[in-house]
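Visitor: File model.txt follows (compact mmCIF, C-alpha atoms):
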# COMPACT_ATOMS: atom_id res chain seq x y z
CA MET A 21 -7.88 8.10 19.42
CA ALA A 22 -6.12 7.22 16.17
CA ASP A 23 -7.80 6.75 12.79
CA LEU A 24 -6.68 4.23 10.17
CA LEU A 25 -6.61 4.49 6.40
CA LEU A 26 -6.41 1.21 4.49
CA GLY A 27 -6.68 -0.15 0.96
CA LEU A 28 -9.40 -2.79 0.60
CA GLN A 29 -8.38 -4.45 -2.66
CA TRP A 30 -5.02 -5.59 -4.10
CA GLY A 31 -3.37 -2.22 -3.53
CA ASP A 32 -3.15 0.83 -5.82
CA GLU A 33 -6.52 2.12 -4.56
CA GLY A 34 -5.38 5.74 -4.24
CA LYS A 35 -4.51 5.88 -0.54
CA GLY A 36 -1.86 8.57 -1.01
CA LYS A 37 -4.34 11.03 -2.46
CA ILE A 38 -6.85 10.50 0.36
CA VAL A 39 -4.20 10.83 3.08
CA ASP A 40 -3.19 14.09 1.41
CA VAL A 41 -6.84 15.24 1.36
CA LEU A 42 -7.41 14.30 5.02
CA THR A 43 -4.05 15.46 6.39
CA SER A 44 -5.23 18.92 7.44
CA LYS A 45 -7.40 17.21 10.09
CA TYR A 46 -4.42 15.45 11.73
CA ASP A 47 -1.28 16.39 13.62
CA ILE A 48 0.58 13.15 12.88
CA ILE A 49 0.62 10.85 9.84
CA ALA A 50 2.16 7.47 10.68
CA ARG A 51 3.06 4.75 8.16
CA PHE A 52 2.78 1.31 9.77
CA GLN A 53 3.95 -1.39 7.33
CA GLY A 54 5.41 -2.25 3.95
CA GLY A 55 8.48 -1.13 2.09
CA PRO A 56 9.55 0.92 -0.94
CA ASN A 57 7.55 -1.25 -3.35
CA ALA A 58 4.49 0.74 -2.26
CA GLY A 59 4.13 3.84 -4.39
CA HIS A 60 1.71 6.45 -3.11
CA THR A 61 0.86 8.96 -5.83
CA LEU A 62 -0.27 12.48 -4.95
CA GLU A 63 -1.22 15.12 -7.48
CA PHE A 64 -1.74 18.84 -6.83
CA ASP A 65 -0.74 22.19 -8.35
CA GLY A 66 -0.20 20.36 -11.65
CA ILE A 67 2.62 18.22 -10.23
CA LYS A 68 2.56 14.45 -9.72
CA HIS A 69 4.49 13.16 -6.68
CA VAL A 70 5.33 9.52 -5.97
CA LEU A 71 6.24 8.55 -2.41
CA ARG A 72 7.66 5.14 -1.53
CA THR A 73 8.49 5.13 2.16
CA ILE A 74 7.73 8.63 3.38
CA PRO A 75 4.14 9.15 4.66
CA SER A 76 1.77 11.09 2.44
CA GLY A 77 1.44 14.02 4.86
CA ILE A 78 4.95 15.28 4.11
CA PHE A 79 3.70 18.13 1.89
CA HIS A 80 1.78 19.76 4.77
CA GLU A 81 4.03 21.97 6.85
CA ASN A 82 2.16 21.51 10.14
CA ASN A 83 2.33 17.70 10.21
CA ILE A 84 4.73 15.28 11.80
CA ASN A 85 5.29 12.18 9.64
CA ILE A 86 6.38 8.94 11.31
CA ILE A 87 7.84 5.84 9.69
CA GLY A 88 6.79 3.13 12.13
CA ASN A 89 8.46 -0.04 13.33
CA GLY A 90 6.41 -2.19 10.94
CA VAL A 91 8.00 -0.55 7.89
CA VAL A 92 11.15 -1.87 6.20
CA ILE A 93 13.48 0.85 4.92
CA ASP A 94 15.93 0.72 2.03
CA PRO A 95 18.38 3.56 2.84
CA VAL A 96 19.36 3.95 -0.83
CA VAL A 97 15.77 4.31 -2.06
CA PHE A 98 14.99 6.49 0.94
CA LYS A 99 17.86 8.87 0.14
CA SER A 100 16.71 9.24 -3.47
CA GLU A 101 13.17 9.93 -2.23
CA ILE A 102 14.40 12.70 0.07
CA ASP A 103 16.61 14.11 -2.71
CA GLY A 104 13.56 14.23 -4.96
CA LEU A 105 11.68 16.36 -2.42
CA ALA A 106 14.52 18.88 -2.06
CA LYS A 107 13.21 21.14 -4.84
CA PHE A 108 9.94 21.66 -2.94
CA ASN A 109 11.68 23.32 0.04
CA ILE A 110 10.26 20.81 2.52
CA ASP A 111 11.90 20.87 5.94
CA ILE A 112 12.35 17.10 6.08
CA HIS A 113 14.30 17.17 9.35
CA SER A 114 11.48 18.81 11.30
CA ARG A 115 8.60 16.91 9.66
CA LEU A 116 9.91 13.33 9.39
CA ILE A 117 10.91 10.95 12.21
CA ILE A 118 11.73 7.24 12.14
CA SER A 119 11.17 4.37 14.56
CA ARG A 120 14.37 2.77 15.80
CA LYS A 121 12.59 -0.59 15.51
CA ALA A 122 12.03 -0.33 11.73
CA HIS A 123 14.09 -2.93 9.86
CA LEU A 124 16.68 -2.12 7.21
CA ILE A 125 16.74 -3.53 3.69
CA LEU A 126 20.33 -4.48 2.83
CA PRO A 127 21.73 -4.71 -0.72
CA THR A 128 21.96 -8.49 -0.22
CA HIS A 129 18.24 -8.60 0.61
CA ARG A 130 17.54 -7.32 -2.91
CA LEU A 131 19.92 -9.90 -4.39
CA LEU A 132 18.28 -12.66 -2.36
CA ASP A 133 14.87 -11.54 -3.61
CA ALA A 134 16.03 -11.78 -7.23
CA ALA A 135 17.69 -15.18 -6.69
CA SER A 136 14.60 -16.61 -4.98
CA GLU A 137 12.20 -15.33 -7.64
CA THR A 138 14.41 -16.53 -10.52
CA SER A 139 14.67 -19.99 -8.99
CA LYS A 140 10.86 -20.36 -8.98
CA GLY A 141 10.61 -20.28 -12.77
CA LYS A 142 6.96 -20.30 -13.85
CA ALA A 143 5.82 -20.43 -10.20
CA LYS A 144 6.94 -16.85 -9.57
CA ILE A 145 4.79 -14.91 -7.11
CA GLY A 146 5.38 -11.55 -8.80
CA SER A 147 7.85 -10.03 -6.35
CA THR A 148 8.85 -6.41 -7.00
CA LEU A 149 12.47 -7.49 -6.27
CA LYS A 150 12.94 -4.68 -3.74
CA GLY A 151 14.25 -7.05 -1.05
CA ILE A 152 11.15 -6.70 1.08
CA GLY A 153 10.27 -10.38 1.50
CA PRO A 154 13.80 -11.39 2.58
CA THR A 155 13.92 -8.45 5.01
CA TYR A 156 10.69 -9.53 6.71
CA MET A 157 12.03 -13.11 6.76
CA ASP A 158 15.09 -11.88 8.65
CA LYS A 159 12.80 -9.94 10.97
CA THR A 160 10.75 -12.99 11.92
CA GLY A 161 13.91 -15.13 11.90
CA ARG A 162 15.44 -12.71 14.43
CA ASN A 163 18.43 -11.97 12.22
CA GLY A 164 17.53 -8.51 10.95
CA LEU A 165 19.20 -5.14 11.37
CA ARG A 166 17.11 -2.23 12.58
CA VAL A 167 17.41 1.53 12.35
CA GLY A 168 18.47 1.66 16.00
CA ASP A 169 21.45 -0.57 15.19
CA ILE A 170 22.92 2.27 13.12
CA GLU A 171 23.63 4.05 16.40
CA LEU A 172 25.74 1.13 17.70
CA GLU A 173 29.53 1.07 17.40
CA ASP A 174 29.58 -2.43 15.90
CA PHE A 175 26.96 -1.74 13.21
CA LYS A 176 29.34 -2.56 10.34
CA GLU A 177 30.34 -5.86 11.95
CA ARG A 178 26.66 -6.76 12.36
CA TYR A 179 26.09 -5.83 8.74
CA ARG A 180 29.00 -7.99 7.54
CA THR A 181 27.76 -11.04 9.46
CA LEU A 182 24.29 -10.82 7.91
CA ALA A 183 25.52 -9.97 4.41
CA ASP A 184 27.91 -12.95 4.43
CA LYS A 185 25.01 -15.19 5.42
CA HIS A 186 22.95 -13.80 2.54
CA GLU A 187 25.72 -14.47 0.02
CA ALA A 188 25.83 -18.10 1.10
CA MET A 189 22.05 -18.30 0.63
CA ILE A 190 22.28 -16.74 -2.84
CA GLU A 191 24.77 -19.44 -3.79
CA PHE A 192 22.35 -22.07 -2.52
CA TYR A 193 19.68 -20.99 -5.05
CA GLY A 194 22.03 -21.98 -7.86
CA VAL A 195 20.94 -19.30 -10.32
CA GLU A 196 23.21 -17.19 -12.47
CA MET A 197 23.50 -13.66 -11.12
CA GLN A 198 25.97 -10.90 -11.81
CA TYR A 199 26.43 -8.19 -9.22
CA ASN A 200 29.08 -5.93 -7.73
CA LEU A 201 28.49 -6.10 -3.99
CA PRO A 202 31.29 -3.67 -2.97
CA GLU A 203 29.72 -1.04 -5.23
CA LEU A 204 26.25 -1.70 -3.79
CA GLU A 205 27.63 -1.54 -0.26
CA LYS A 206 29.37 1.77 -0.91
CA GLU A 207 26.05 3.30 -1.96
CA PHE A 208 24.33 1.67 1.04
CA PHE A 209 26.71 3.08 3.65
CA GLU A 210 26.66 6.53 2.04
CA SER A 211 22.87 6.45 2.33
CA ILE A 212 23.13 5.31 5.96
CA GLU A 213 25.07 8.51 6.70
CA ASP A 214 22.18 10.52 5.26
CA LEU A 215 19.68 8.49 7.29
CA LYS A 216 21.59 9.41 10.46
CA LYS A 217 20.72 13.08 9.90
CA LEU A 218 17.08 12.35 10.70
CA GLN A 219 15.58 11.94 14.16
CA PHE A 220 15.18 8.36 15.41
CA ILE A 221 12.50 7.73 18.03
CA ASP A 222 10.94 5.00 20.11
CA SER A 223 7.73 5.39 18.14
CA GLU A 224 5.40 3.53 20.49
CA GLU A 225 6.36 5.88 23.35
CA TYR A 226 6.20 8.93 21.08
CA LEU A 227 2.69 8.04 19.91
CA HIS A 228 1.54 7.21 23.43
CA GLN A 229 2.61 10.65 24.64
CA ALA A 230 1.07 12.27 21.55
CA GLN A 231 -2.27 10.63 22.33
CA LYS A 232 -2.07 11.70 25.97
CA SER A 233 -1.53 15.30 24.88
CA GLY A 234 -4.54 15.21 22.52
CA LYS A 235 -2.72 15.00 19.19
CA THR A 236 -4.70 13.58 16.28
CA ILE A 237 -3.13 10.62 14.46
CA LEU A 238 -3.82 9.08 11.06
CA CYS A 239 -2.24 5.66 10.51
CA GLU A 240 -1.42 5.05 6.85
CA GLY A 241 -1.15 1.58 5.34
CA ALA A 242 0.52 0.43 2.14
CA GLN A 243 -0.62 -2.16 -0.42
CA GLY A 244 -4.16 -3.54 0.13
CA SER A 245 -6.06 -5.93 2.37
CA LEU A 246 -6.14 -8.72 -0.20
CA LEU A 247 -2.32 -8.70 -0.12
CA ASP A 248 -2.20 -9.24 3.66
CA VAL A 249 0.19 -12.09 4.52
CA ASP A 250 -2.51 -13.75 6.67
CA PHE A 251 -5.79 -12.74 5.05
CA GLY A 252 -4.80 -12.12 1.44
CA THR A 253 -4.67 -14.46 -1.55
CA TYR A 254 -1.66 -16.37 -0.21
CA PRO A 255 1.03 -16.99 -1.45
CA PHE A 256 0.46 -14.12 -3.90
CA VAL A 257 0.65 -11.55 -1.13
CA THR A 258 3.06 -9.09 0.44
CA SER A 259 5.17 -9.92 3.50
CA SER A 260 3.37 -7.83 6.12
CA ASN A 261 -0.07 -7.31 7.67
CA THR A 262 -1.78 -4.71 5.51
CA THR A 263 -5.04 -4.93 7.48
CA ALA A 264 -6.11 -2.92 10.55
CA ALA A 265 -4.28 -5.26 12.91
CA GLY A 266 -1.01 -4.22 11.24
CA ALA A 267 -1.44 -0.69 12.57
CA CYS A 268 -1.32 -1.98 16.14
CA THR A 269 1.78 -4.12 15.61
CA GLY A 270 3.41 -1.66 13.20
CA LEU A 271 3.13 1.39 15.45
CA GLY A 272 2.48 0.16 18.98
CA ILE A 273 -1.03 1.63 19.18
CA ALA A 274 -3.47 -0.43 21.25
CA PRO A 275 -6.61 -1.77 19.53
CA ASN A 276 -8.93 0.15 21.86
CA GLN A 277 -7.24 3.40 20.78
CA ILE A 278 -8.48 3.09 17.18
CA LYS A 279 -11.58 5.04 16.20
CA GLU A 280 -12.38 5.54 12.50
CA VAL A 281 -11.25 2.99 9.94
CA TYR A 282 -11.31 4.53 6.47
CA GLY A 283 -11.45 1.91 3.72
CA ILE A 284 -10.44 2.90 0.19
CA PHE A 285 -11.51 1.03 -2.93
CA LYS A 286 -11.65 1.64 -6.66
CA ALA A 287 -14.99 1.75 -8.49
CA TYR A 288 -13.63 -1.30 -10.31
CA THR A 289 -10.84 -3.74 -9.39
CA THR A 290 -7.17 -4.00 -10.32
CA ARG A 291 -4.31 -6.31 -9.48
CA VAL A 292 -0.56 -6.25 -10.20
CA GLY A 293 1.56 -9.36 -10.61
CA SER A 294 0.48 -12.97 -10.22
CA GLY A 295 -2.42 -14.45 -8.29
CA PRO A 296 -6.15 -15.20 -8.65
CA PHE A 297 -8.51 -12.41 -9.71
CA PRO A 298 -12.13 -13.63 -10.18
CA THR A 299 -13.51 -10.54 -11.98
CA GLU A 300 -10.53 -9.97 -14.28
CA LEU A 301 -11.41 -8.88 -17.80
CA PHE A 302 -9.42 -10.08 -20.80
CA ASP A 303 -11.43 -8.16 -23.40
CA GLU A 304 -11.57 -4.62 -24.77
CA VAL A 305 -13.48 -3.45 -21.67
CA GLY A 306 -10.56 -4.41 -19.40
CA ALA A 307 -8.12 -2.81 -21.83
CA ALA A 308 -10.18 0.40 -21.85
CA MET A 309 -10.21 0.51 -18.03
CA ALA A 310 -6.42 0.17 -17.97
CA LYS A 311 -5.94 2.89 -20.57
CA ILE A 312 -8.43 5.40 -19.16
CA GLY A 313 -7.35 4.74 -15.58
CA ASN A 314 -3.63 4.89 -16.43
CA GLU A 315 -3.23 1.58 -14.63
CA PHE A 316 0.52 1.31 -14.36
CA GLY A 317 2.45 0.96 -11.10
CA SER A 318 3.79 4.30 -9.82
CA VAL A 319 7.02 2.64 -8.64
CA THR A 320 7.39 -0.49 -10.77
CA GLY A 321 5.70 0.67 -13.98
CA ARG A 322 3.98 -2.70 -14.23
CA GLN A 323 0.61 -2.76 -16.00
CA ARG A 324 -2.28 -3.58 -13.72
CA ARG A 325 -4.82 -6.24 -14.53
CA CYS A 326 -8.36 -4.79 -14.56
CA GLY A 327 -11.82 -6.14 -13.84
CA TRP A 328 -15.28 -5.33 -12.51
CA LEU A 329 -15.89 -4.41 -8.88
CA ASP A 330 -15.85 -7.51 -6.66
CA LEU A 331 -18.23 -7.00 -3.72
CA VAL A 332 -17.55 -10.46 -2.29
CA ALA A 333 -13.90 -9.55 -1.79
CA LEU A 334 -14.77 -6.00 -0.72
CA LYS A 335 -17.18 -7.18 2.00
CA TYR A 336 -14.53 -9.59 3.24
CA ALA A 337 -11.98 -6.75 3.56
CA ILE A 338 -14.52 -4.50 5.27
CA ARG A 339 -15.23 -7.16 7.91
CA VAL A 340 -11.61 -8.07 8.55
CA ASN A 341 -10.70 -4.39 9.04
CA GLY A 342 -13.81 -3.16 10.84
CA VAL A 343 -14.24 -0.39 8.26
CA THR A 344 -16.44 2.52 9.41
CA GLN A 345 -16.31 4.71 6.28
CA LEU A 346 -15.68 3.97 2.62
CA MET A 347 -14.03 6.11 -0.02
CA MET A 348 -14.55 5.26 -3.68
CA MET A 349 -11.75 6.15 -6.08
CA LYS A 350 -11.63 6.53 -9.86
CA GLY A 351 -15.37 6.80 -10.44
CA ASP A 352 -14.47 8.94 -13.45
CA VAL A 353 -12.75 5.98 -15.16
CA LEU A 354 -16.10 4.19 -15.57
CA SER A 355 -17.67 7.06 -17.52
CA GLY A 356 -18.60 5.95 -21.03
CA PHE A 357 -19.43 2.29 -20.40
CA GLU A 358 -23.00 1.44 -21.44
CA THR A 359 -23.40 -1.25 -18.80
CA LEU A 360 -21.49 -1.87 -15.59
CA LYS A 361 -21.18 -5.21 -13.84
CA VAL A 362 -20.73 -5.80 -10.13
CA CYS A 363 -19.84 -9.21 -8.71
CA THR A 364 -22.26 -9.93 -5.86
CA SER A 365 -21.53 -13.64 -5.29
CA TYR A 366 -19.39 -16.52 -6.52
CA THR A 367 -20.21 -19.89 -7.95
CA TYR A 368 -17.88 -22.06 -5.88
CA LYS A 369 -17.61 -25.74 -6.74
CA GLY A 370 -21.15 -25.65 -8.16
CA GLU A 371 -22.68 -23.75 -5.24
CA GLU A 372 -23.48 -20.03 -5.01
CA ILE A 373 -21.74 -18.35 -2.06
CA ASP A 374 -21.35 -14.72 -0.93
CA HIS A 375 -18.15 -15.02 1.10
CA LEU A 376 -14.48 -15.30 0.16
CA PRO A 377 -13.49 -18.99 0.29
CA TYR A 378 -10.04 -20.40 1.06
CA ASN A 379 -9.21 -20.80 -2.62
CA ILE A 380 -10.40 -18.38 -5.32
CA GLU A 381 -8.39 -19.86 -8.18
CA PRO A 382 -10.39 -19.80 -11.46
CA GLU A 383 -10.94 -23.55 -11.46
CA ASN A 384 -12.90 -23.18 -8.20
CA VAL A 385 -14.57 -19.78 -8.48
CA SER A 386 -16.54 -17.87 -11.10
CA PRO A 387 -18.22 -14.50 -10.48
CA VAL A 388 -21.99 -13.95 -10.46
CA TYR A 389 -22.77 -10.45 -11.72
CA THR A 390 -25.49 -7.85 -11.25
CA GLU A 391 -25.72 -5.41 -14.16
CA LEU A 392 -26.27 -1.68 -13.69
CA PRO A 393 -26.63 1.12 -16.26
CA GLY A 394 -23.53 3.20 -16.98
CA TRP A 395 -23.17 6.94 -17.50
CA HIS A 396 -21.48 9.14 -20.08
CA ALA A 397 -20.93 12.39 -18.20
CA ASP A 398 -17.42 13.72 -17.61
CA LEU A 399 -17.07 13.71 -13.82
CA THR A 400 -13.67 15.35 -13.56
CA GLY A 401 -15.00 18.90 -13.13
CA MET A 402 -17.84 18.05 -10.76
CA THR A 403 -17.63 19.39 -7.21
CA SER A 404 -20.76 18.16 -5.42
CA ASN A 405 -22.62 14.92 -4.91
CA ASP A 406 -25.80 16.43 -6.40
CA ALA A 407 -23.95 17.11 -9.67
CA LEU A 408 -23.10 13.42 -10.17
CA PRO A 409 -25.19 11.58 -12.79
CA LYS A 410 -28.13 9.58 -11.42
CA GLU A 411 -26.62 6.33 -12.70
CA LEU A 412 -23.47 6.91 -10.64
CA GLN A 413 -25.53 7.81 -7.58
CA ASP A 414 -27.48 4.57 -8.08
CA TYR A 415 -24.18 2.68 -8.42
CA ILE A 416 -22.98 4.16 -5.11
CA ASP A 417 -26.31 3.42 -3.40
CA PHE A 418 -26.16 -0.19 -4.63
CA ILE A 419 -22.68 -0.69 -3.18
CA GLU A 420 -23.63 0.92 0.15
CA LYS A 421 -26.67 -1.32 0.47
CA GLU A 422 -24.64 -4.45 -0.29
CA VAL A 423 -21.71 -3.74 2.07
CA GLU A 424 -23.67 -1.85 4.77
CA VAL A 425 -21.03 0.88 5.19
CA PRO A 426 -21.44 4.51 4.00
CA ILE A 427 -19.37 5.89 1.13
CA THR A 428 -18.32 9.33 2.39
CA ILE A 429 -15.89 10.36 -0.34
CA VAL A 430 -16.02 9.91 -4.12
CA SER A 431 -12.90 10.74 -6.12
CA VAL A 432 -13.46 12.00 -9.68
CA GLY A 433 -9.85 12.62 -10.70
CA PRO A 434 -6.24 12.42 -9.49
CA ASP A 435 -5.93 15.97 -8.17
CA ARG A 436 -6.64 16.61 -4.48
CA LYS A 437 -9.33 19.12 -5.59
CA GLN A 438 -11.21 16.40 -7.52
CA THR A 439 -12.70 14.97 -4.35
CA ILE A 440 -16.41 15.00 -3.50
CA LEU A 441 -17.55 14.76 0.13
CA ARG A 442 -20.93 13.07 0.65
Rewrite the structure of this file - the entire thing - as C-alpha cells.
Guide:
Amino acid sequence: MADLLLGLQWGDEGKGKIVDVLTSKYDIIARFQGGPNAGHTLEFDGIKHVLRTIPSGIFHENNINIIGNGVVIDPVVFKSEIDGLAKFNIDIHSRLIISRKAHLILPTHRLLDAASETSKGKAKIGSTLKGIGPTYMDKTGRNGLRVGDIELEDFKERYRTLADKHEAMIEFYGVEMQYNLPELEKEFFESIEDLKKLQFIDSEEYLHQAQKSGKTILCEGAQGSLLDVDFGTYPFVTSSNTTAAGACTGLGIAPNQIKEVYGIFKAYTTRVGSGPFPTELFDEVGAAMAKIGNEFGSVTGRQRRCGWLDLVALKYAIRVNGVTQLMMMKGDVLSGFETLKVCTSYTYKGEEIDHLPYNIEPENVSPVYTELPGWHADLTGMTSNDALPKELQDYIDFIEKEVEVPITIVSVGPDRKQTILR
C-alpha cells in the first residue's frame, strides 16, 4: 500500500516539514504533480532548506526519492536545486530517480507564461511565471517534450520545432517583451547535460515492483487541494490535479493501492496571488498573522493573504481526498490572540449553507463564524499534547468534531523537532 500526503488549503500548509518528519517510516518518497513554483521548506539543525522539484525525503540517506510523471521539470531550476544541495554531501545519484514520462519546461514556456499573464491586464490569475501552465497545456495538447525524449537522437530537432511554435504564439499575444533566447537555450541545454547524469525510470513499473517487494511508499503532493485544476477555485488554480486522484495519474499507482491519506492544514488560512478567499482579514489581525507566521512564499517571496480557519473549505477538501488523518500546522502562530474565529458555514445568496458552492466570490459568499477563546502560552518549546494549553486543546477538539477526522499531529514551530504526536 502507498500513503498520500496532501495540502488541504491553497498551498503553503507545511507539507515539506511533515514529509521530512514521516520519512523515516518509508522507503520511497514520490512527488506526483506540480512544478518548481512549489517551494517545500524544511528546517532542522538550524538550517532552512527550500526544495522546488526534489521530494522532501532527500535529506534521509536510506530513502529513494522519485519525481513522477505528473511533475513538470525545469532543467535550469533543477540544476540550481541540486547545486544547492552539494554542500550537504548528499549522494543525489543514488537517492533521486526521475520518470521518463515527466514533462520538460522549456525556456519558451516561461516566456509564454509571461506573455499570457501580461496580456490579461487586471484579469491576471497570479501566475508564478515559471512556465508551468504552458507546459501542462502542451502536455494535454500532445505537443510536449518529456524526460525520456532527452535519450533520443533527434531531441534537439524536437526542441526546435516546439520552441519555434512558442515564439509564434508569443508574437500573437502582442505584448512588449525583451529576451535573449539563444542565451536562455544555452543554459537550458547545459542543464539537460546535468539531468542526463541521473537515473531515468519507467516510474509506474518501478513503483509496481516496489509494492510487490513490500517497500513502503509516501506520495507527496505540491500546492493545495483548493488549487486543483478541477476542484479548486477555478480559474485561480494551478495546472494539475493536487488532490488524491493526482497521485494515481501522476505516479501510476492504482486507487485500490492507497491506504492512508494525510491531510495537512494550517490553524488559520492563507492564500497567495489572486482568487476568492472568504475568511480573508484586511485588518491588524490579518497583518499580525502574516508577520508572526512569516507568510512569504519560499520560492516567489510573495506575501500571503491571511484569514481565519475556513471549515467549509476544509471539509470539502477532506471529502474530495478521502482524508484519514489530519495534521495541523502553525498552531504557535495563533498564540496571543484573545479570541479566535472559525468559519463553520457561509451565507450564500441570502441562505446559510455548509458546503462549498460553485462560486465563492465575495459578492456571493460571506463567512459565518464561531468564536473560541485564544491562548497566550508560547507553544514552540512544548513536546507533548498534555502540555498544550486547554484553549488550544479545545480548538483542536472543535475542529475534529466538525470535520469528523482525527488530528494526529500538531506542529508548534518550523523545526522537525517541534512536532507533537497525538
Visitor: Which polymer residues have any atom within 12 Å of an atom of Ile273 of chain A, counting all atoms listed in the file, with same-chain residues fewer than 2 positions away left out, as a PyMOL selection string?
Guide: chain A and resi 21-24+50+52+88-90+223-231+237-239+264-271+275-279
Visitor: Quick one: everything within 7 Å of segment 161-173 of chain A, counting all atoms listed in the file, minus sequence neighbours fewer than 6 positions away in the same chain. Send it as a PyMOL selection string.
Guide: chain A and resi 120-124+155
Visitor: Calculated over all atoms listed in the file, which of the candidates A:Val432, A:Cys326, A:Ala337, A:Leu412 has the smallest distance to Thr263 of chain A?
Guide: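 That would be A:Ala337, the residue with the smallest distance to Thr263 of chain A.
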Visitor: Using all atoms listed in the file, which residue out of A:Gly433, A:Cys363, A:His375, A:Leu441 lies closest to Phe418 of chain A?
Guide: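 Once distances to Phe418 of chain A are computed over all atoms listed in the file, the minimum belongs to A:Cys363.
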Visitor: Could you tell me how far atom CA of Thr148 of chain A sits from atom CA of Val41 of chain A, in Å to one decimal place?
Guide: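 So the two atoms, atom CA of Val41 of chain A and atom CA of Thr148 of chain A, lie 28.0 Å apart.
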Visitor: With all atoms listed in the file as the basis for distance, which of A:Trp328, A:Phe302, A:Tyr336, A:Phe208 is at the shortest distance from Val97 of chain A?
Guide: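 Answer, going by the shortest atom-to-atom distance: A:Phe208.
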Visitor: For the point (-12.3, 0.7, -0.7) in file coordinates, what residues are within 10 Å, counting only C-alpha atoms? Give the answer as a PyMOL selection string?
Guide: chain A and resi 25-29+31+33-35+244-245+282-289+334-335+337-338+343+345-349+427
Visitor: Select, from A:Thr73, A:Ser386, A:Ser355, A:Asn341, the residue with the minimum atom-to-atom distance to Val96 of chain A, counting all atoms listed in the file.
Guide: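 Of the candidates, the smallest distance to Val96 of chain A is held by A:Thr73.
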Visitor: Give me the residues within 6 Å of Trp30 of chain A as a CSV table (one decimal) with C-alpha atoms, in the coordinates of the input, counting all atoms listed in the file and dropping any in the same chain fewer than 3 places off.
Guide:
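Listed below is the output, part16.csv:
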chain,number,residue,atom,x,y,z
A,244,GLY,CA,-4.2,-3.5,0.1
A,246,LEU,CA,-6.1,-8.7,-0.2
A,247,LEU,CA,-2.3,-8.7,-0.1
A,291,ARG,CA,-4.3,-6.3,-9.5
Visitor: Determine the nearest neighbour of Asp94 of chain A from the options A:Leu331, A:Leu132, A:Met197, A:Leu215, counting only C-alpha atoms.
Guide: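 Using only C-alpha atoms, Asp94 of chain A sits closest to A:Leu215.
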